[in-house]
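Peer 1: So here's input_7.cif, just mmCIF, C-alpha atoms and all ligand atoms:
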data_final
#
loop_
_atom_site.label_atom_id
_atom_site.label_comp_id
_atom_site.auth_asym_id
_atom_site.auth_seq_id
_atom_site.Cartn_x
_atom_site.Cartn_y
_atom_site.Cartn_z
CA MET A 611 0.00 0.00 0.00
CA LYS A 612 1.30 3.45 -0.93
CA ILE A 613 1.15 6.15 1.71
CA ASN A 614 1.85 9.86 1.46
CA ARG A 615 2.84 12.54 3.94
CA LEU A 616 -0.70 13.83 4.25
CA ASP A 617 -1.91 10.40 5.42
CA ILE A 618 0.93 10.34 7.92
CA ALA A 619 0.05 13.78 9.27
CA LYS A 620 -3.59 12.70 9.63
CA GLN A 621 -2.57 9.56 11.47
CA ILE A 622 -0.31 11.53 13.80
CA ILE A 623 -3.21 13.81 14.63
CA ASN A 624 -5.39 10.79 15.39
CA ASP A 625 -2.68 9.13 17.48
CA ASN A 626 -1.48 12.08 19.46
CA ILE A 627 -3.40 15.28 18.97
CA ASN A 628 -6.93 14.12 19.11
CA ASP A 629 -8.33 17.09 21.00
CA PRO A 630 -11.50 18.42 19.32
CA SER A 631 -11.24 21.76 21.14
CA MET A 632 -7.97 22.63 19.31
CA THR A 633 -8.01 25.21 16.53
CA GLU A 634 -6.50 24.47 13.13
CA ALA A 635 -3.43 26.58 13.98
CA GLU A 636 -2.93 24.82 17.29
CA ARG A 637 -3.09 21.47 15.56
CA PHE A 638 -0.56 22.58 12.95
CA ASN A 639 1.77 23.72 15.69
CA ALA A 640 1.33 20.51 17.63
CA ILE A 641 2.27 18.47 14.56
CA ARG A 642 5.37 20.62 14.05
CA GLN A 643 6.33 20.05 17.68
CA GLN A 644 5.86 16.32 17.20
CA LEU A 645 7.89 16.16 14.00
CA LEU A 646 10.77 18.45 14.93
CA PRO A 647 12.57 15.96 17.20
CA ILE A 648 12.11 13.32 14.50
CA GLN A 649 13.77 15.55 11.91
CA GLU A 650 16.61 16.16 14.34
CA LEU A 651 16.90 12.44 14.92
CA MET A 652 17.07 11.77 11.17
CA SER A 653 20.00 14.13 10.89
CA TYR A 654 21.80 12.15 13.64
CA TYR A 655 21.26 8.99 11.61
CA ARG A 656 22.79 10.73 8.57
CA CYS A 657 25.82 11.56 10.74
CA ALA A 658 26.04 7.93 11.86
CA ILE A 659 26.03 6.85 8.19
CA MET A 660 28.95 9.22 7.51
CA GLU A 661 30.86 7.78 10.47
CA VAL A 662 30.41 4.18 9.39
CA GLU A 663 31.17 4.94 5.73
CA THR A 664 34.42 6.54 6.86
CA LYS A 665 35.28 3.46 8.91
CA PHE A 666 34.86 1.27 5.83
CA ASN A 667 36.80 3.67 3.62
CA VAL A 668 39.67 3.62 6.11
CA LEU A 669 39.68 -0.20 6.19
CA ASN A 670 39.57 -0.29 2.40
CA GLU A 671 42.51 2.06 2.18
CA GLU A 672 44.55 0.06 4.68
CA MET A 673 43.79 -3.29 3.09
CA SER A 674 44.58 -1.95 -0.36
CA ILE A 675 48.13 -1.33 0.87
CA LEU A 676 48.38 -4.61 2.82
CA TYR A 677 47.00 -6.87 0.10
CA ASP A 678 47.53 -4.75 -2.99
CA ARG A 679 43.84 -4.76 -3.90
CA ASN A 680 40.63 -3.13 -2.72
CA PRO A 681 38.33 -5.44 -0.76
CA ILE A 682 35.40 -3.03 -1.24
CA GLU A 683 33.78 -2.66 -4.64
CA SER A 684 31.24 -0.06 -3.56
CA ILE A 685 29.30 1.31 -0.62
CA LYS A 686 25.64 2.28 -0.84
CA SER A 687 23.93 4.09 1.98
CA ARG A 688 20.36 5.00 2.57
CA GLU A 689 18.27 6.65 5.21
CA LYS A 690 14.90 4.97 5.69
CA SER A 691 12.18 7.15 4.20
CA PHE A 692 9.67 8.88 6.41
CA GLU A 693 6.94 6.82 4.76
CA SER A 694 8.71 3.48 5.39
CA ILE A 695 9.36 4.39 9.02
CA PHE A 696 5.72 5.22 9.46
CA MET A 697 4.56 1.98 7.82
CA LYS A 698 6.93 -0.12 9.92
CA LEU A 699 5.72 1.51 13.13
CA GLN A 700 2.12 0.97 12.05
CA ARG A 701 2.83 -2.73 11.46
CA LYS A 702 4.22 -2.90 14.99
CA GLY A 703 1.22 -0.99 16.35
CA LEU A 704 3.39 1.94 17.50
CA PRO A 705 2.89 5.70 17.16
CA MET A 706 5.17 7.91 15.04
CA THR A 707 7.28 9.28 17.88
CA GLU A 708 10.98 9.73 18.49
CA ALA A 709 10.88 7.10 21.25
CA SER A 710 9.26 4.43 19.05
CA ILE A 711 11.82 5.05 16.31
CA VAL A 712 14.83 4.87 18.63
CA ASN A 713 13.59 1.86 20.57
CA HIS A 714 11.97 -0.22 17.84
CA ILE A 715 13.59 0.45 14.46
CA ASN A 716 17.18 -0.58 13.85
CA ASP A 717 17.43 0.12 10.15
CA ILE A 718 16.89 3.87 9.83
CA ALA A 719 20.54 4.22 8.85
CA GLY A 720 21.43 1.50 6.36
CA ILE A 721 24.78 0.80 4.74
CA ARG A 722 25.47 -1.86 2.16
CA VAL A 723 29.08 -2.79 1.54
CA ILE A 724 29.71 -4.71 -1.66
CA CYS A 725 32.91 -6.73 -1.49
CA SER A 726 34.96 -8.46 -4.13
CA PHE A 727 35.26 -11.82 -2.38
CA GLN A 728 33.48 -13.65 0.45
CA GLU A 729 36.64 -13.59 2.57
CA ASP A 730 36.61 -9.80 2.37
CA VAL A 731 33.16 -9.79 3.97
CA TYR A 732 34.55 -11.63 6.99
CA LYS A 733 37.77 -9.58 7.15
CA LEU A 734 35.83 -6.32 7.11
CA THR A 735 33.24 -7.59 9.60
CA ASP A 736 35.92 -8.65 12.08
CA ALA A 737 37.93 -5.46 11.60
CA LEU A 738 34.86 -3.29 12.18
CA LEU A 739 33.61 -5.19 15.21
CA GLN A 740 36.93 -5.02 17.00
CA GLN A 741 36.94 -1.20 16.95
CA ASP A 742 36.43 0.04 20.48
CA ASP A 743 33.67 2.55 19.65
CA VAL A 744 31.59 -0.09 17.87
CA THR A 745 29.08 -2.12 19.88
CA LEU A 746 27.54 -5.13 18.22
CA ILE A 747 23.80 -5.33 18.83
CA LEU A 748 22.94 -8.17 16.44
CA LYS A 749 24.78 -10.26 13.88
CA LYS A 750 23.03 -12.49 11.34
CA ASP A 751 25.38 -14.50 9.18
CA TYR A 752 23.23 -15.41 6.20
CA ILE A 753 26.38 -16.53 4.37
CA ARG A 754 27.19 -19.48 6.64
CA HIS A 755 23.44 -19.91 7.19
CA PRO A 756 21.64 -18.77 4.02
CA LYS A 757 17.91 -18.07 4.16
CA LYS A 758 15.61 -20.77 2.80
CA ASN A 759 15.08 -18.82 -0.43
CA GLY A 760 18.86 -18.74 -1.02
CA TYR A 761 19.54 -15.18 0.24
CA ARG A 762 23.13 -14.70 1.40
CA SER A 763 24.65 -11.66 3.14
CA MET A 764 26.22 -10.67 6.44
CA HIS A 765 23.88 -8.48 8.51
CA LEU A 766 25.06 -6.41 11.44
CA ILE A 767 23.25 -4.01 13.69
CA ILE A 768 25.82 -1.89 15.47
CA GLU A 769 25.74 1.09 17.76
CA ILE A 770 28.28 3.88 17.37
CA PRO A 771 28.70 7.29 18.96
CA ILE A 772 28.36 10.52 17.02
CA PHE A 773 29.83 13.66 18.53
CA LEU A 774 27.74 16.83 18.31
CA ALA A 775 28.67 20.33 19.49
CA GLU A 776 27.43 19.64 22.98
CA ALA A 777 26.45 16.03 23.12
CA LYS A 778 27.41 12.50 22.27
CA LYS A 779 24.64 10.34 20.85
CA MET A 780 24.67 6.59 20.45
CA MET A 781 23.16 5.65 17.09
CA ARG A 782 22.20 2.31 15.58
CA VAL A 783 23.18 1.43 12.04
CA GLU A 784 22.22 -1.60 9.95
CA ILE A 785 25.06 -2.90 7.82
CA GLN A 786 24.78 -5.47 5.07
CA LEU A 787 28.01 -6.89 3.67
CA ARG A 788 27.90 -9.08 0.60
CA THR A 789 29.87 -9.99 -2.50
CA ILE A 790 29.07 -8.65 -5.96
CA ALA A 791 27.53 -12.01 -6.77
CA MET A 792 25.33 -12.04 -3.66
CA ASP A 793 24.26 -8.48 -4.44
CA PHE A 794 23.39 -9.40 -8.01
CA TRP A 795 21.07 -12.16 -6.78
CA ALA A 796 19.54 -10.11 -3.94
CA SER A 797 18.83 -7.11 -6.18
CA LEU A 798 17.05 -9.18 -8.80
CA GLU A 799 15.21 -11.31 -6.26
CA HIS A 800 14.07 -8.13 -4.53
CA LYS A 801 12.63 -6.89 -7.81
CA LEU A 802 10.93 -10.20 -8.40
CA LYS A 803 9.52 -10.90 -5.00
CA TYR A 804 10.69 -9.47 -1.67
CA LYS A 805 7.87 -7.89 0.36
CA GLN A 806 5.42 -8.03 -2.54
CA ASP A 807 1.88 -8.99 -1.72
CA VAL A 808 1.62 -11.72 -4.35
CA GLU A 809 3.38 -15.01 -3.56
CA ASN A 810 5.62 -16.46 -6.21
CA SER A 811 4.85 -19.84 -7.74
CA ALA A 812 6.71 -22.97 -6.62
CA HIS A 813 8.61 -22.88 -9.93
CA VAL A 814 9.85 -19.31 -9.41
CA ILE A 815 10.89 -20.10 -5.83
CA GLN A 816 12.83 -23.17 -6.96
CA GLU A 817 14.50 -21.28 -9.82
CA LEU A 818 15.59 -18.48 -7.47
CA LYS A 819 17.03 -21.00 -5.02
CA ASP A 820 18.89 -22.78 -7.85
CA CYS A 821 20.33 -19.47 -9.08
CA ALA A 822 21.44 -18.65 -5.52
CA ASP A 823 23.24 -22.01 -5.28
CA ILE A 824 24.98 -21.48 -8.63
CA ILE A 825 26.03 -17.99 -7.55
CA ALA A 826 27.44 -19.34 -4.27
CA GLN A 827 29.51 -21.86 -6.23
CA VAL A 828 30.80 -19.12 -8.54
CA ASP A 829 31.82 -17.05 -5.50
CA HIS A 830 33.83 -19.99 -4.15
CA ARG A 831 35.49 -20.70 -7.49
CA MET A 832 36.46 -17.05 -7.99
CA GLU A 833 37.89 -16.98 -4.49
CA ALA A 834 39.94 -20.13 -5.19
CA LEU A 835 41.22 -18.52 -8.40
CA ARG A 836 42.23 -15.42 -6.51
CA HIS A 837 44.33 -17.53 -4.14
CA GLU A 838 45.89 -19.27 -7.12
CA VAL A 839 46.94 -16.09 -8.92
CA SER A 840 47.70 -13.88 -5.92
CA LEU A 841 51.15 -12.33 -5.86
CA ASN A 842 50.79 -11.77 -2.16
CA PRO A 843 52.23 -14.77 -0.27
CA LYS A 844 49.70 -14.28 2.53
CA GLU A 845 46.87 -14.84 0.07
CA ARG A 846 48.35 -17.50 -2.20
CA THR A 847 47.31 -21.16 -2.06
CA PRO A 848 50.17 -23.08 -0.45
P1 LIG A 901 13.13 -5.98 8.20
O1 LIG A 901 12.54 -6.77 7.07
O2 LIG A 901 13.91 -4.79 7.71
O3 LIG A 901 12.15 -5.65 9.26
O4 LIG A 901 14.20 -6.84 8.95
P2 LIG A 901 14.26 -8.37 9.37
O5 LIG A 901 13.94 -8.50 10.79
O6 LIG A 901 13.57 -9.24 8.39
O7 LIG A 901 15.83 -8.53 9.28
P3 LIG A 901 16.81 -9.14 8.21
O8 LIG A 901 18.16 -8.83 8.79
O9 LIG A 901 16.49 -10.58 7.91
O10 LIG A 901 16.59 -8.31 6.86
C1 LIG A 901 16.90 -6.97 6.76
C2 LIG A 901 17.12 -6.54 5.33
O11 LIG A 901 17.90 -7.48 4.60
C3 LIG A 901 15.87 -6.39 4.50
O12 LIG A 901 15.26 -5.14 4.71
C4 LIG A 901 16.43 -6.53 3.08
O13 LIG A 901 17.10 -5.36 2.66
C5 LIG A 901 17.47 -7.60 3.26
N1 LIG A 901 16.91 -8.95 3.05
C6 LIG A 901 16.58 -9.86 4.00
N2 LIG A 901 16.10 -10.98 3.46
C7 LIG A 901 16.10 -10.80 2.12
C8 LIG A 901 15.71 -11.62 1.01
O14 LIG A 901 15.23 -12.75 1.13
N3 LIG A 901 15.87 -11.08 -0.23
C9 LIG A 901 16.39 -9.83 -0.43
N4 LIG A 901 16.51 -9.40 -1.70
N5 LIG A 901 16.76 -9.04 0.58
C10 LIG A 901 16.62 -9.51 1.84
MG MG A 902 14.82 -3.30 6.69
#
Mind converting the file's structure to structure tokens?

Peer 2:
Amino acid sequence: MKINRLDIAKQIINDNINDPSMTEAERFNAIRQQLLPIQELMSYYRCAIMEVETKFNVLNEEMSILYDRNPIESIKSREKSFESIFMKLQRKGLPMTEASIVNHINDIAGIRVICSFQEDVYKLTDALLQQDDVTLILKKDYIRHPKKNGYRSMHLIIEIPIFLAEAKKMMRVEIQLRTIAMDFWASLEHKLKYKQDVENSAHVIQELKDCADIIAQVDHRMEALRHEVSLNPKERTP
């Protein structure tokens, strides 16, 4: 279902400002008051994205010197849209408030790190998690334990501090690390199915799973090749 900002405003009025004695102007003001802290919060999430992107860029830089190649192909970041936040809170039966967002949604700030090889996913994950300002909240290793449909990726929810002029805020960030091959499958599968209302047929589900298995094999073969041709003794097959 599509939702627009007007629907959201109406819902916020119903949830929080349902006082019939209020004038139109008072209502407008009350909505502003309600939304202002949320806008502020969203800017903190944007700062958290910058922090985590920098962490990955630093690791990429260091590893490019150590191993003579870049483990990161690309980084994509996104801030969850106002509409998606609202819909997610609605599904959970929660009002659109700062407290519900902070306490119940972990993926407002989202970062996807696309790596060359599967090993790079693990190297980067370990390197990030051992940093002393990074707190791991949740780790889901869908590479060692793929989802039933074949989806593979490393998912992390971490908490990191951001430093403002007069405060330090702890912010949660969702990170997905995957190889180019895993990303190729996930992007197409997402277009075909993920979170759509209509269920796919048994044939489509089986085909997607088969493609995921083929892609996993290709990842392993490319990784083996890399070890074979690597000039770096640390990375070469013995
Ligand atoms: P939400 O769906 O965001 O509430 O999270 P969750 O509790 O299902 O967590 P999970 O870590 O499993 O998934 C989070 C994100 O990973 C999703 O929002 C997608 O971006 C991605 N993802 C998870 N499963 C799949 C999948 O089967 N296919 C694709 N294409 N993406 C997936
Ligand atoms: Mg999500």

Peer 1: For atom CA of Ser691 of chain A and atom CA of Asn670 of chain A, determine how far apart the two atoms are, in Å to one decimal place.

Peer 2: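 Between atom CA of Ser691 of chain A and atom CA of Asn670 of chain A the gap works out to 28.4 Å.
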
Peer 1: For Cys657 of chain A, please output as an MDAnalysis selection string all residues within 12 Å (counting all atoms listed in the file; exclusion window: fewer than 2 positions along the same chain).

Peer 2: chainID A and resid 650:655 659:664 687:689 718:720 770:774 778:783

Peer 1: Export, as a PDB file, in the coordinates of the input, the selected residues with C-alpha atoms.

Peer 2:
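See again-v8.pdb below for the written result:
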ATOM      1  CA  GLU A 650      16.610  16.160  14.340  1.00  0.00           C
ATOM      2  CA  LEU A 651      16.900  12.440  14.920  1.00  0.00           C
ATOM      3  CA  MET A 652      17.070  11.770  11.170  1.00  0.00           C
ATOM      4  CA  SER A 653      20.000  14.130  10.890  1.00  0.00           C
ATOM      5  CA  TYR A 654      21.800  12.150  13.640  1.00  0.00           C
ATOM      6  CA  TYR A 655      21.260   8.990  11.610  1.00  0.00           C
ATOM      7  CA  ILE A 659      26.030   6.850   8.190  1.00  0.00           C
ATOM      8  CA  MET A 660      28.950   9.220   7.510  1.00  0.00           C
ATOM      9  CA  GLU A 661      30.860   7.780  10.470  1.00  0.00           C
ATOM     10  CA  VAL A 662      30.410   4.180   9.390  1.00  0.00           C
ATOM     11  CA  GLU A 663      31.170   4.940   5.730  1.00  0.00           C
ATOM     12  CA  THR A 664      34.420   6.540   6.860  1.00  0.00           C
ATOM     13  CA  SER A 687      23.930   4.090   1.980  1.00  0.00           C
ATOM     14  CA  ARG A 688      20.360   5.000   2.570  1.00  0.00           C
ATOM     15  CA  GLU A 689      18.270   6.650   5.210  1.00  0.00           C
ATOM     16  CA  ILE A 718      16.890   3.870   9.830  1.00  0.00           C
ATOM     17  CA  ALA A 719      20.540   4.220   8.850  1.00  0.00           C
ATOM     18  CA  GLY A 720      21.430   1.500   6.360  1.00  0.00           C
ATOM     19  CA  ILE A 770      28.280   3.880  17.370  1.00  0.00           C
ATOM     20  CA  PRO A 771      28.700   7.290  18.960  1.00  0.00           C
ATOM     21  CA  ILE A 772      28.360  10.520  17.020  1.00  0.00           C
ATOM     22  CA  PHE A 773      29.830  13.660  18.530  1.00  0.00           C
ATOM     23  CA  LEU A 774      27.740  16.830  18.310  1.00  0.00           C
ATOM     24  CA  LYS A 778      27.410  12.500  22.270  1.00  0.00           C
ATOM     25  CA  LYS A 779      24.640  10.340  20.850  1.00  0.00           C
ATOM     26  CA  MET A 780      24.670   6.590  20.450  1.00  0.00           C
ATOM     27  CA  MET A 781      23.160   5.650  17.090  1.00  0.00           C
ATOM     28  CA  ARG A 782      22.200   2.310  15.580  1.00  0.00           C
ATOM     29  CA  VAL A 783      23.180   1.430  12.040  1.00  0.00           C
TER      30      VAL A 783
END

Peer 1: Using only C-alpha atoms and all ligand atoms, which protein or nucleic acid residues are at most 9 Å from ligand MG 902 (chain A), as a list in words?

Peer 2: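 For ligand MG 902 (chain A), the residues inside 9 Å are Lys690, Ile715, Asn716, Asp717, Ile718, Gly720 and Glu784 of chain A.
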
Peer 1: Figure out the distance between atom C10 of ligand LIG 901 (chain A) and atom CA of Glu799 of chain A, please, to one decimal in Å.

Peer 2: 8.4 Å

Peer 1: For ligand LIG 901 (chain A), collect every residue having any atom at a distance of at most 7 Å from a ligand atom (counting all atoms listed in the file); output as a list in words.

Peer 2: Asp717, Lys750, Lys757, Asn759, Tyr761, His765, Ala796, Ser797, Glu799, His800 and Tyr804 of chain A

Peer 1: Could you tell me how far atom CA of Gln644 of chain A lies from atom CA of Ala777 of chain A, in Å and to one decimal?

Peer 2: 21.4 Å

Peer 1: Compare A:Met792, A:Leu787, A:Lys803, A:Phe692 by their minimum atom-to-atom distance to Ile824 of chain A, counting all atoms listed in the file, and give me the closest one.

Peer 2: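 Going through A:Met792, A:Leu787, A:Lys803, A:Phe692 one by one, the smallest distance to Ile824 of chain A is for A:Met792.
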
Peer 1: From the options A:Ser694, A:Thr735, A:Asn713, A:Thr707, which residue's atoms come nearest to Phe666 of chain A, counting only C-alpha atoms?

Peer 2: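 Among A:Ser694, A:Thr735, A:Asn713, A:Thr707, it is A:Thr735 that comes nearest to Phe666 of chain A.
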
Peer 1: Return as AutoDock Vina command-line options the centre and edge lengths, in Å with one decimal, of the box along x, y and z that encloses every atom of segment 738-750 of chain A in the file, padded by 5 Å per side.

Peer 2:
--center_x 29.9 --center_y -5.0 --center_z 15.9 --size_x 24.0 --size_y 25.0 --size_z 19.1

Peer 1: When you count all atoms listed in the file, which of these residues is closest to Asp617 of chain A: A:Ile825, A:Met697, A:Ile675, A:Val839?

Peer 2: A:Met697

Peer 1: Add whatever atoms are absent from segment 734-755 of chain A to reach N, CA and C atoms, and provide the output as a compact mmCIF listing (two decimals), in the coordinates of the input.

Peer 2:
# COMPACT_ATOMS: atom_id res chain seq x y z
N LEU A 734 36.36 -7.65 6.78
CA LEU A 734 35.83 -6.32 7.11
C LEU A 734 34.93 -6.38 8.34
N THR A 735 34.13 -7.43 8.43
CA THR A 735 33.24 -7.59 9.60
C THR A 735 34.08 -7.64 10.87
N ASP A 736 35.10 -8.50 10.87
CA ASP A 736 35.92 -8.65 12.08
C ASP A 736 36.64 -7.35 12.41
N ALA A 737 37.18 -6.70 11.37
CA ALA A 737 37.93 -5.46 11.60
C ALA A 737 37.01 -4.38 12.18
N LEU A 738 35.79 -4.30 11.67
CA LEU A 738 34.86 -3.29 12.18
C LEU A 738 34.47 -3.58 13.63
N LEU A 739 34.15 -4.86 13.88
CA LEU A 739 33.61 -5.19 15.21
C LEU A 739 34.65 -5.11 16.31
N GLN A 740 35.95 -5.12 15.92
CA GLN A 740 36.93 -5.02 17.00
C GLN A 740 37.28 -3.56 17.34
N GLN A 741 36.69 -2.61 16.62
CA GLN A 741 36.94 -1.20 16.95
C GLN A 741 36.26 -0.86 18.27
N ASP A 742 36.96 -0.08 19.11
CA ASP A 742 36.43 0.04 20.48
C ASP A 742 35.25 1.01 20.62
N ASP A 743 34.89 1.72 19.56
CA ASP A 743 33.67 2.55 19.65
C ASP A 743 32.48 1.87 18.96
N VAL A 744 32.68 0.62 18.55
CA VAL A 744 31.59 -0.09 17.87
C VAL A 744 31.02 -1.15 18.81
N THR A 745 29.72 -1.08 19.05
CA THR A 745 29.08 -2.12 19.88
C THR A 745 28.18 -2.95 18.98
N LEU A 746 28.39 -4.25 19.02
CA LEU A 746 27.54 -5.13 18.22
C LEU A 746 26.21 -5.36 18.94
N ILE A 747 25.12 -5.09 18.25
CA ILE A 747 23.80 -5.33 18.83
C ILE A 747 23.27 -6.68 18.32
N LEU A 748 23.46 -6.92 17.02
CA LEU A 748 22.94 -8.17 16.44
C LEU A 748 23.75 -8.52 15.20
N LYS A 749 24.07 -9.80 15.08
CA LYS A 749 24.78 -10.26 13.88
C LYS A 749 24.00 -11.43 13.30
N LYS A 750 23.68 -11.35 12.00
CA LYS A 750 23.03 -12.49 11.34
C LYS A 750 23.91 -12.87 10.16
N ASP A 751 24.50 -14.05 10.25
CA ASP A 751 25.38 -14.50 9.18
C ASP A 751 24.57 -15.36 8.21
N TYR A 752 23.99 -14.68 7.22
CA TYR A 752 23.23 -15.41 6.20
C TYR A 752 24.16 -15.95 5.11
N ILE A 753 25.48 -15.90 5.35
CA ILE A 753 26.38 -16.53 4.37
C ILE A 753 26.64 -17.97 4.82
N ARG A 754 27.03 -18.11 6.12
CA ARG A 754 27.19 -19.48 6.64
C ARG A 754 25.82 -20.15 6.76
N HIS A 755 24.78 -19.35 7.03
CA HIS A 755 23.44 -19.91 7.19
C HIS A 755 22.47 -19.17 6.27
